[in-house]
>>> print(open('start.pdb').read())   # PDB, C-alpha atoms
ATOM      1  CA  MET M1023     -21.950  10.782 -25.963  1.00  0.00           C
ATOM      2  CA  PRO M1024     -19.953   9.839 -22.831  1.00  0.00           C
ATOM      3  CA  PRO M1025     -19.627  12.475 -20.114  1.00  0.00           C
ATOM      4  CA  LYS M1026     -16.530  14.636 -19.999  1.00  0.00           C
ATOM      5  CA  ASN M1027     -13.759  13.309 -17.793  1.00  0.00           C
ATOM      6  CA  ASN M1028     -13.001  15.835 -15.036  1.00  0.00           C
ATOM      7  CA  VAL M1029     -10.065  13.890 -13.545  1.00  0.00           C
ATOM      8  CA  ASN M1030      -8.253  13.080 -16.803  1.00  0.00           C
ATOM      9  CA  PRO M1031      -9.593  15.380 -19.536  1.00  0.00           C
ATOM     10  CA  GLU M1032      -6.754  14.162 -21.800  1.00  0.00           C
ATOM     11  CA  LEU M1033      -8.646  10.852 -22.036  1.00  0.00           C
ATOM     12  CA  ASP M1034     -11.761  12.368 -23.638  1.00  0.00           C
ATOM     13  CA  PRO M1035     -10.610  11.562 -27.208  1.00  0.00           C
ATOM     14  CA  VAL M1036      -9.706   8.019 -26.121  1.00  0.00           C
ATOM     15  CA  ILE M1037     -13.027   7.219 -24.473  1.00  0.00           C
ATOM     16  CA  THR M1038     -15.033   8.705 -27.336  1.00  0.00           C
ATOM     17  CA  ASP M1039     -13.197   6.634 -29.977  1.00  0.00           C
ATOM     18  CA  PRO M1040     -15.828   4.170 -31.284  1.00  0.00           C
ATOM     19  CA  ALA M1041     -13.485   1.194 -30.789  1.00  0.00           C
ATOM     20  CA  ASN M1042     -13.044   2.127 -27.127  1.00  0.00           C
ATOM     21  CA  ARG M1043     -16.739   2.667 -26.377  1.00  0.00           C
ATOM     22  CA  ILE M1044     -17.137  -1.043 -25.634  1.00  0.00           C
ATOM     23  CA  CYS M1045     -15.176  -3.276 -23.274  1.00  0.00           C
ATOM     24  CA  ALA M1046     -12.170  -4.924 -24.936  1.00  0.00           C
ATOM     25  CA  ASP M1047     -13.136  -8.275 -23.411  1.00  0.00           C
ATOM     26  CA  CYS M1048     -16.949  -8.591 -23.271  1.00  0.00           C
ATOM     27  CA  ASP M1049     -18.289  -5.738 -25.437  1.00  0.00           C
ATOM     28  CA  ALA M1050     -20.127  -4.075 -22.509  1.00  0.00           C
ATOM     29  CA  LYS M1051     -20.974  -0.460 -23.300  1.00  0.00           C
ATOM     30  CA  ALA M1052     -19.132   2.557 -21.836  1.00  0.00           C
ATOM     31  CA  PRO M1053     -16.124   0.924 -20.139  1.00  0.00           C
ATOM     32  CA  ARG M1054     -14.706   3.110 -17.355  1.00  0.00           C
ATOM     33  CA  TRP M1055     -11.676   1.060 -16.346  1.00  0.00           C
ATOM     34  CA  ALA M1056      -8.419   0.476 -18.167  1.00  0.00           C
ATOM     35  CA  SER M1057      -5.429  -1.780 -18.246  1.00  0.00           C
ATOM     36  CA  VAL M1058      -2.923   1.027 -18.593  1.00  0.00           C
ATOM     37  CA  ASN M1059      -0.016  -1.196 -19.602  1.00  0.00           C
ATOM     38  CA  LEU M1060      -2.014  -3.192 -22.172  1.00  0.00           C
ATOM     39  CA  GLY M1061      -3.583   0.019 -23.487  1.00  0.00           C
ATOM     40  CA  ILE M1062      -7.227  -1.084 -23.331  1.00  0.00           C
ATOM     41  CA  LEU M1063     -10.548   0.024 -21.843  1.00  0.00           C
ATOM     42  CA  VAL M1064     -12.635  -2.537 -19.950  1.00  0.00           C
ATOM     43  CA  CYS M1065     -15.867  -2.693 -17.955  1.00  0.00           C
ATOM     44  CA  ILE M1066     -15.979  -3.011 -14.170  1.00  0.00           C
ATOM     45  CA  ASP M1067     -16.583  -6.787 -14.342  1.00  0.00           C
ATOM     46  CA  CYS M1068     -13.596  -7.405 -16.585  1.00  0.00           C
ATOM     47  CA  SER M1069     -11.430  -4.995 -14.562  1.00  0.00           C
ATOM     48  CA  GLY M1070     -11.709  -7.378 -11.604  1.00  0.00           C
ATOM     49  CA  ALA M1071     -10.481 -10.280 -13.734  1.00  0.00           C
ATOM     50  CA  HIS M1072      -7.589  -8.117 -14.957  1.00  0.00           C
ATOM     51  CA  ARG M1073      -6.645  -7.250 -11.356  1.00  0.00           C
ATOM     52  CA  ASN M1074      -6.558 -10.962 -10.557  1.00  0.00           C
ATOM     53  CA  LEU M1075      -4.011 -11.559 -13.334  1.00  0.00           C
ATOM     54  CA  GLY M1076      -1.464  -9.551 -11.329  1.00  0.00           C
ATOM     55  CA  THR M1077       0.331  -6.328 -12.154  1.00  0.00           C
ATOM     56  CA  HIS M1078       3.018  -8.192 -14.106  1.00  0.00           C
ATOM     57  CA  ILE M1079       0.296  -8.789 -16.736  1.00  0.00           C
ATOM     58  CA  SER M1080      -2.309  -6.029 -16.286  1.00  0.00           C
ATOM     59  CA  VAL M1081      -2.263  -2.753 -14.328  1.00  0.00           C
ATOM     60  CA  VAL M1082      -5.838  -1.572 -13.764  1.00  0.00           C
ATOM     61  CA  LYS M1083      -6.878   2.041 -13.199  1.00  0.00           C
ATOM     62  CA  SER M1084     -10.199   3.858 -13.210  1.00  0.00           C
ATOM     63  CA  VAL M1085     -10.749   6.247 -16.105  1.00  0.00           C
ATOM     64  CA  THR M1086     -12.788   8.601 -13.913  1.00  0.00           C
ATOM     65  CA  LEU M1087     -11.453   8.125 -10.366  1.00  0.00           C
ATOM     66  CA  ASP M1088      -7.665   7.744 -10.666  1.00  0.00           C
ATOM     67  CA  LYS M1089      -5.306  10.515 -11.765  1.00  0.00           C
ATOM     68  CA  TRP M1090      -3.330   9.035 -14.633  1.00  0.00           C
ATOM     69  CA  GLN M1091       0.388   9.335 -15.297  1.00  0.00           C
ATOM     70  CA  PRO M1092       1.307  10.766 -18.726  1.00  0.00           C
ATOM     71  CA  LYS M1093       2.809   7.383 -19.708  1.00  0.00           C
ATOM     72  CA  TRP M1094      -0.534   5.615 -19.128  1.00  0.00           C
ATOM     73  CA  ILE M1095      -2.411   8.210 -21.171  1.00  0.00           C
ATOM     74  CA  ALA M1096       0.090   7.810 -24.008  1.00  0.00           C
ATOM     75  CA  THR M1097      -0.144   4.004 -23.921  1.00  0.00           C
ATOM     76  CA  VAL M1098      -3.950   3.838 -23.998  1.00  0.00           C
ATOM     77  CA  SER M1099      -4.074   6.627 -26.604  1.00  0.00           C
ATOM     78  CA  ARG M1100      -1.638   4.818 -28.912  1.00  0.00           C
ATOM     79  CA  ILE M1101      -2.937   1.251 -28.496  1.00  0.00           C
ATOM     80  CA  GLY M1102      -6.658   1.132 -27.696  1.00  0.00           C
ATOM     81  CA  ASN M1103      -9.081  -1.762 -27.913  1.00  0.00           C
ATOM     82  CA  GLU M1104      -8.936  -2.301 -31.678  1.00  0.00           C
ATOM     83  CA  ALA M1105      -5.157  -2.719 -31.927  1.00  0.00           C
ATOM     84  CA  SER M1106      -4.994  -4.781 -28.747  1.00  0.00           C
ATOM     85  CA  ASN M1107      -7.765  -7.147 -29.818  1.00  0.00           C
ATOM     86  CA  GLY M1108      -6.221  -7.395 -33.272  1.00  0.00           C
ATOM     87  CA  PHE M1109      -3.277  -9.033 -31.516  1.00  0.00           C
ATOM     88  CA  PHE M1110      -4.761 -10.817 -28.485  1.00  0.00           C
ATOM     89  CA  GLU M1111      -7.749 -12.181 -30.450  1.00  0.00           C
ATOM     90  CA  SER M1112      -6.089 -12.811 -33.817  1.00  0.00           C
ATOM     91  CA  ARG M1113      -6.502 -16.611 -33.619  1.00  0.00           C
ATOM     92  CA  MET M1114      -9.765 -16.648 -31.661  1.00  0.00           C
ATOM     93  CA  ASP M1115     -13.118 -17.927 -32.847  1.00  0.00           C
ATOM     94  CA  SER M1116     -15.671 -15.182 -32.182  1.00  0.00           C
ATOM     95  CA  SER M1117     -17.912 -17.660 -30.318  1.00  0.00           C
ATOM     96  CA  GLU M1118     -15.297 -17.855 -27.543  1.00  0.00           C
ATOM     97  CA  LYS M1119     -15.646 -14.194 -26.546  1.00  0.00           C
ATOM     98  CA  PRO M1120     -17.914 -13.618 -23.541  1.00  0.00           C
ATOM     99  CA  ARG M1121     -20.806 -11.187 -23.695  1.00  0.00           C
ATOM    100  CA  GLU M1122     -21.778  -8.457 -21.268  1.00  0.00           C
ATOM    101  CA  GLY M1123     -24.376 -10.619 -19.466  1.00  0.00           C
ATOM    102  CA  ASP M1124     -22.147 -13.681 -19.039  1.00  0.00           C
ATOM    103  CA  SER M1125     -20.985 -14.797 -15.600  1.00  0.00           C
ATOM    104  CA  LEU M1126     -17.932 -13.306 -13.933  1.00  0.00           C
ATOM    105  CA  GLU M1127     -16.381 -16.778 -13.965  1.00  0.00           C
ATOM    106  CA  LYS M1128     -16.767 -17.088 -17.742  1.00  0.00           C
ATOM    107  CA  LYS M1129     -15.261 -13.624 -18.257  1.00  0.00           C
ATOM    108  CA  ALA M1130     -12.375 -14.338 -15.877  1.00  0.00           C
ATOM    109  CA  ALA M1131     -11.543 -17.643 -17.593  1.00  0.00           C
ATOM    110  CA  PHE M1132     -11.562 -15.940 -20.997  1.00  0.00           C
ATOM    111  CA  ILE M1133      -9.364 -13.050 -19.789  1.00  0.00           C
ATOM    112  CA  LYS M1134      -6.857 -15.467 -18.257  1.00  0.00           C
ATOM    113  CA  LYS M1135      -6.732 -17.462 -21.495  1.00  0.00           C
ATOM    114  CA  LYS M1136      -6.439 -14.280 -23.572  1.00  0.00           C
ATOM    115  CA  TYR M1137      -3.761 -12.354 -21.648  1.00  0.00           C
ATOM    116  CA  GLU M1138      -1.946 -14.809 -19.359  1.00  0.00           C
ATOM    117  CA  MET M1139      -1.920 -17.888 -21.556  1.00  0.00           C
ATOM    118  CA  LYS M1140      -1.905 -15.853 -24.806  1.00  0.00           C
ATOM    119  CA  ALA M1141      -3.994 -18.599 -26.390  1.00  0.00           C
ATOM    120  CA  TYR M1142      -5.197 -16.464 -29.298  1.00  0.00           C
ATOM    121  CA  THR M1143      -2.096 -14.414 -30.156  1.00  0.00           C
ATOM    122  CA  PRO M1144       0.105 -14.757 -33.228  1.00  0.00           C
ATOM    123  CA  ARG M1145       3.052 -16.998 -32.477  1.00  0.00           C
ATOM    124  CA  ASN M1146       6.430 -15.359 -31.824  1.00  0.00           C
ATOM    125  CA  LYS M1147       5.181 -11.804 -32.393  1.00  0.00           C
ATOM    126  CA  PRO M1148       5.477  -8.857 -29.993  1.00  0.00           C
ATOM    127  CA  SER M1149       2.302  -7.463 -28.403  1.00  0.00           C
ATOM    128  CA  PRO M1150       1.174  -3.890 -29.116  1.00  0.00           C
ATOM    129  CA  SER M1151       2.604  -2.728 -25.764  1.00  0.00           C
ATOM    130  CA  GLU M1152       5.933  -4.381 -26.592  1.00  0.00           C
ATOM    131  CA  LEU M1153       5.944  -2.717 -30.014  1.00  0.00           C
ATOM    132  CA  LEU M1154       5.218   0.655 -28.382  1.00  0.00           C
ATOM    133  CA  ALA M1155       8.081   0.164 -25.910  1.00  0.00           C
ATOM    134  CA  GLN M1156      10.381  -0.505 -28.894  1.00  0.00           C
ATOM    135  CA  GLY M1157       9.241   2.701 -30.613  1.00  0.00           C
ATOM    136  CA  ARG M1158       7.360   0.730 -33.285  1.00  0.00           C
ATOM    137  CA  ASP M1159       3.753   0.914 -34.494  1.00  0.00           C
ATOM    138  CA  PRO M1160       1.486  -0.646 -31.830  1.00  0.00           C
ATOM    139  CA  ASP M1161      -1.360  -0.766 -34.356  1.00  0.00           C
ATOM    140  CA  ALA M1162       0.410  -3.416 -36.423  1.00  0.00           C
ATOM    141  CA  TYR M1163      -2.267  -6.069 -35.888  1.00  0.00           C
ATOM    142  CA  SER M1164      -5.411  -3.964 -35.965  1.00  0.00           C
ATOM    143  CA  ARG M1165      -8.339  -5.301 -37.907  1.00  0.00           C
ATOM    144  CA  GLY M1166      -8.343  -2.038 -39.830  1.00  0.00           C
ATOM    145  CA  GLY M1167      -4.959  -3.046 -41.211  1.00  0.00           C
ATOM    146  CA  GLY M1168      -6.340  -6.220 -42.681  1.00  0.00           C
ATOM    147  CA  GLY M1169      -4.896  -8.286 -39.863  1.00  0.00           C
ATOM    148  CA  ARG M1170      -1.436  -8.334 -41.359  1.00  0.00           C
ATOM    149  CA  ASP M1171       1.603  -7.715 -39.199  1.00  0.00           C
ATOM    150  CA  ARG M1172       2.910  -4.277 -40.109  1.00  0.00           C
ATOM    151  CA  SER M1173       5.300  -4.159 -37.145  1.00  0.00           C
ATOM    152  CA  ASP M1174       8.400  -4.215 -39.357  1.00  0.00           C
ATOM    153  CA  SER M1175       6.933  -2.138 -42.141  1.00  0.00           C
ATOM    154  CA  ASP M1176       7.869   1.406 -43.132  1.00  0.00           C
ATOM    155  CA  ASP M1177       4.249   2.417 -43.853  1.00  0.00           C
ATOM    156  CA  ARG M1178       3.678   3.988 -40.411  1.00  0.00           C
TER     157      ARG M1178
END
>>> encode(input="start.pdb", output="structure tokens")
Amino acid sequence: MPPKNNVNPELDPVITDPANRICADCDAKAPRWASVNLGILVCIDCSGAHRNLGTHISVVKSVTLDKWQPKWIATVSRIGNEASNGFFESRMDSSEKPREGDSLEKKAAFIKKKYEMKAYTPRNKPSPSELLAQGRDPDAYSRGGGGRDRSDSDDR
């Protein structure tokens, strides 16, 4: 079980969620960084690649070192790794995803392709963070939902 978060105790349920106990981008265990606007948890290696994307794409904060704004807590709580990957990896072959031990360069190239180029996303569909901003279900693309787009559905 991950240690309790003394800086942001509101994040304890988020970091103990099984889907969030691995990095959204390389499956490393116990990620302690987050892209607070994308609503995901990532490892320290992937956090560097996210920082390099620029804050217009990914805003990176430490789960344990930075004091989080309520909006960031709400975003990561509502989206999480499963819903985000359901969208950003919906058209990706699983062999393309880097692993924990892969080079920083391989991880950075994948992250750029995934979030900046949106190479694996459904065409002409809003991302989970865009859905959340519109007051809609950000979990519309989660794998738990069978991969179907529920963003316009009433079954929320």
>>> resolve_selection(input="start.pdb", expression="the PyMOL selection byres ((chain M and resi 1038) around 12)", output="list in words")
Met1023, Pro1024, Pro1025, Lys1026, Asn1027, Pro1031, Glu1032, Leu1033, Asp1034, Pro1035, Val1036, Ile1037, Asp1039, Pro1040, Ala1041, Asn1042, Arg1043, Ile1044, Lys1051, Ala1052, Pro1053, Arg1054, Leu1063, Ser1099 and Gly1102 of chain M
>>> write_last_selection(input="start.pdb", atoms="C-alpha atoms", output="PDB file, in the coordinates of the input")
ATOM      1  CA  MET M1023     -21.950  10.782 -25.963  1.00  0.00           C
ATOM      2  CA  PRO M1024     -19.953   9.839 -22.831  1.00  0.00           C
ATOM      3  CA  PRO M1025     -19.627  12.475 -20.114  1.00  0.00           C
ATOM      4  CA  LYS M1026     -16.530  14.636 -19.999  1.00  0.00           C
ATOM      5  CA  ASN M1027     -13.759  13.309 -17.793  1.00  0.00           C
ATOM      6  CA  PRO M1031      -9.593  15.380 -19.536  1.00  0.00           C
ATOM      7  CA  GLU M1032      -6.754  14.162 -21.800  1.00  0.00           C
ATOM      8  CA  LEU M1033      -8.646  10.852 -22.036  1.00  0.00           C
ATOM      9  CA  ASP M1034     -11.761  12.368 -23.638  1.00  0.00           C
ATOM     10  CA  PRO M1035     -10.610  11.562 -27.208  1.00  0.00           C
ATOM     11  CA  VAL M1036      -9.706   8.019 -26.121  1.00  0.00           C
ATOM     12  CA  ILE M1037     -13.027   7.219 -24.473  1.00  0.00           C
ATOM     13  CA  ASP M1039     -13.197   6.634 -29.977  1.00  0.00           C
ATOM     14  CA  PRO M1040     -15.828   4.170 -31.284  1.00  0.00           C
ATOM     15  CA  ALA M1041     -13.485   1.194 -30.789  1.00  0.00           C
ATOM     16  CA  ASN M1042     -13.044   2.127 -27.127  1.00  0.00           C
ATOM     17  CA  ARG M1043     -16.739   2.667 -26.377  1.00  0.00           C
ATOM     18  CA  ILE M1044     -17.137  -1.043 -25.634  1.00  0.00           C
ATOM     19  CA  LYS M1051     -20.974  -0.460 -23.300  1.00  0.00           C
ATOM     20  CA  ALA M1052     -19.132   2.557 -21.836  1.00  0.00           C
ATOM     21  CA  PRO M1053     -16.124   0.924 -20.139  1.00  0.00           C
ATOM     22  CA  ARG M1054     -14.706   3.110 -17.355  1.00  0.00           C
ATOM     23  CA  LEU M1063     -10.548   0.024 -21.843  1.00  0.00           C
ATOM     24  CA  SER M1099      -4.074   6.627 -26.604  1.00  0.00           C
ATOM     25  CA  GLY M1102      -6.658   1.132 -27.696  1.00  0.00           C
TER      26      GLY M1102
END
>>> resolve_selection(input="start.pdb", expression="the PyMOL selection byres ((chain M and resi 1133-1144) around 9)", output="list in words")
Asp1047, Cys1068, Ala1071, His1072, Asn1074, Leu1075, Ile1079, Ser1080, Gly1108, Phe1109, Phe1110, Glu1111, Ser1112, Arg1113, Met1114, Asp1115, Lys1128, Lys1129, Ala1130, Ala1131, Phe1132, Arg1145, Asn1146, Lys1147, Pro1148 and Ser1149 of chain M
>>> atom_distance(input="start.pdb", atom1="CA of Val1085 in chain M", atom2="CA of Asp1067 in chain M")
14.4 Å
>>> residues_near_point(input="start.pdb", point="(5.7, -2.0, -30.5)", cutoff="12 Å", atoms="all atoms listed in the file", output="JSON, numbers by chain")
{"M": [1060, 1061, 1097, 1100, 1101, 1105, 1106, 1109, 1147, 1148, 1149, 1150, 1151, 1152, 1153, 1154, 1155, 1156, 1157, 1158, 1159, 1160, 1161, 1162, 1163, 1171, 1172, 1173, 1174, 1175, 1178]}
>>> write_last_selection(input="start.pdb", atoms="C-alpha atoms", output="tab-separated table (two decimals), keeping the file's coordinate frame")
chain	number	residue	atom	x	y	z
M	1060	LEU	CA	-2.01	-3.19	-22.17
M	1061	GLY	CA	-3.58	0.02	-23.49
M	1097	THR	CA	-0.14	4.00	-23.92
M	1100	ARG	CA	-1.64	4.82	-28.91
M	1101	ILE	CA	-2.94	1.25	-28.50
M	1105	ALA	CA	-5.16	-2.72	-31.93
M	1106	SER	CA	-4.99	-4.78	-28.75
M	1109	PHE	CA	-3.28	-9.03	-31.52
M	1147	LYS	CA	5.18	-11.80	-32.39
M	1148	PRO	CA	5.48	-8.86	-29.99
M	1149	SER	CA	2.30	-7.46	-28.40
M	1150	PRO	CA	1.17	-3.89	-29.12
M	1151	SER	CA	2.60	-2.73	-25.76
M	1152	GLU	CA	5.93	-4.38	-26.59
M	1153	LEU	CA	5.94	-2.72	-30.01
M	1154	LEU	CA	5.22	0.66	-28.38
M	1155	ALA	CA	8.08	0.16	-25.91
M	1156	GLN	CA	10.38	-0.50	-28.89
M	1157	GLY	CA	9.24	2.70	-30.61
M	1158	ARG	CA	7.36	0.73	-33.28
M	1159	ASP	CA	3.75	0.91	-34.49
M	1160	PRO	CA	1.49	-0.65	-31.83
M	1161	ASP	CA	-1.36	-0.77	-34.36
M	1162	ALA	CA	0.41	-3.42	-36.42
M	1163	TYR	CA	-2.27	-6.07	-35.89
M	1171	ASP	CA	1.60	-7.72	-39.20
M	1172	ARG	CA	2.91	-4.28	-40.11
M	1173	SER	CA	5.30	-4.16	-37.15
M	1174	ASP	CA	8.40	-4.22	-39.36
M	1175	SER	CA	6.93	-2.14	-42.14
M	1178	ARG	CA	3.68	3.99	-40.41
>>> axis_aligned_box(input="start.pdb", around="range 1072-1083 of chain M", padding_each_side="3 Å", output="lines of an AutoDock Vina configuration file")
center_x = -2.3
center_y = -4.8
center_z = -13.6
size_x = 16.6
size_y = 19.6
size_z = 12.2
>>> closest_residue(input="start.pdb", among="M:Pro1120, M:Trp1055, M:Val1029, M:Ile1066", to="Val1082 in chain M", atoms="all atoms listed in the file")
M:Trp1055
>>> atom_distance(input="start.pdb", atom1="CA of Asn1059 in chain M", atom2="CA of Ala1096 in chain M")
10.0 Å
>>> atom_distance(input="start.pdb", atom1="CA of Thr1077 in chain M", atom2="CA of Asp1049 in chain M")
22.9 Å
>>> closest_residue(input="start.pdb", among="M:Asn1028, M:Trp1094, M:Ser1069, M:Thr1086", to="Cys1048 in chain M", atoms="only C-alpha atoms")
M:Ser1069
>>> closest_residue(input="start.pdb", among="M:Leu1126, M:Val1081, M:Val1098, M:Leu1087", to="Asn1030 in chain M", atoms="only C-alpha atoms")
M:Leu1087
>>> decode(input="start.pdb", residues="range 1084-1100 of chain M", atoms="N, CA and C atoms", output="short mmCIF file (atom, residue, chain, number, x, y, z; two decimals), in the first residue's frame")
data_model
loop_
_atom_site.label_atom_id
_atom_site.label_comp_id
_atom_site.auth_asym_id
_atom_site.auth_seq_id
_atom_site.Cartn_x
_atom_site.Cartn_y
_atom_site.Cartn_z
N SER M 1084 4.26 17.53 -8.54
CA SER M 1084 4.58 16.38 -7.70
C SER M 1084 3.38 16.06 -6.82
N VAL M 1085 3.10 14.79 -6.67
CA VAL M 1085 2.01 14.33 -5.81
C VAL M 1085 2.36 14.57 -4.34
N THR M 1086 3.64 14.45 -4.01
CA THR M 1086 4.06 14.51 -2.61
C THR M 1086 4.78 15.80 -2.21
N LEU M 1087 5.25 16.59 -3.16
CA LEU M 1087 6.02 17.79 -2.82
C LEU M 1087 5.24 19.09 -3.02
N ASP M 1088 4.40 19.15 -4.03
CA ASP M 1088 3.66 20.37 -4.35
C ASP M 1088 2.30 20.39 -3.67
N LYS M 1089 1.90 21.54 -3.16
CA LYS M 1089 0.54 21.71 -2.64
C LYS M 1089 -0.38 21.94 -3.83
N TRP M 1090 -1.39 21.10 -3.95
CA TRP M 1090 -2.26 21.14 -5.12
C TRP M 1090 -3.45 22.08 -4.92
N GLN M 1091 -3.85 22.71 -6.03
CA GLN M 1091 -5.07 23.51 -6.05
C GLN M 1091 -6.27 22.55 -6.10
N PRO M 1092 -7.40 22.96 -5.54
CA PRO M 1092 -8.59 22.09 -5.59
C PRO M 1092 -8.97 21.65 -7.01
N LYS M 1093 -8.78 22.52 -7.99
CA LYS M 1093 -9.11 22.20 -9.38
C LYS M 1093 -8.26 21.02 -9.88
N TRP M 1094 -6.99 20.98 -9.52
CA TRP M 1094 -6.11 19.89 -9.95
C TRP M 1094 -6.54 18.57 -9.32
N ILE M 1095 -6.87 18.63 -8.04
CA ILE M 1095 -7.33 17.43 -7.33
C ILE M 1095 -8.60 16.90 -8.00
N ALA M 1096 -9.52 17.79 -8.30
CA ALA M 1096 -10.77 17.39 -8.94
C ALA M 1096 -10.51 16.77 -10.32
N THR M 1097 -9.61 17.36 -11.09
CA THR M 1097 -9.33 16.85 -12.43
C THR M 1097 -8.72 15.45 -12.39
N VAL M 1098 -7.69 15.26 -11.56
CA VAL M 1098 -7.05 13.95 -11.48
C VAL M 1098 -8.00 12.92 -10.86
N SER M 1099 -8.82 13.35 -9.91
CA SER M 1099 -9.80 12.45 -9.29
C SER M 1099 -10.85 11.98 -10.30
N ARG M 1100 -11.29 12.88 -11.15
CA ARG M 1100 -12.35 12.55 -12.11
C ARG M 1100 -11.85 11.82 -13.35
#
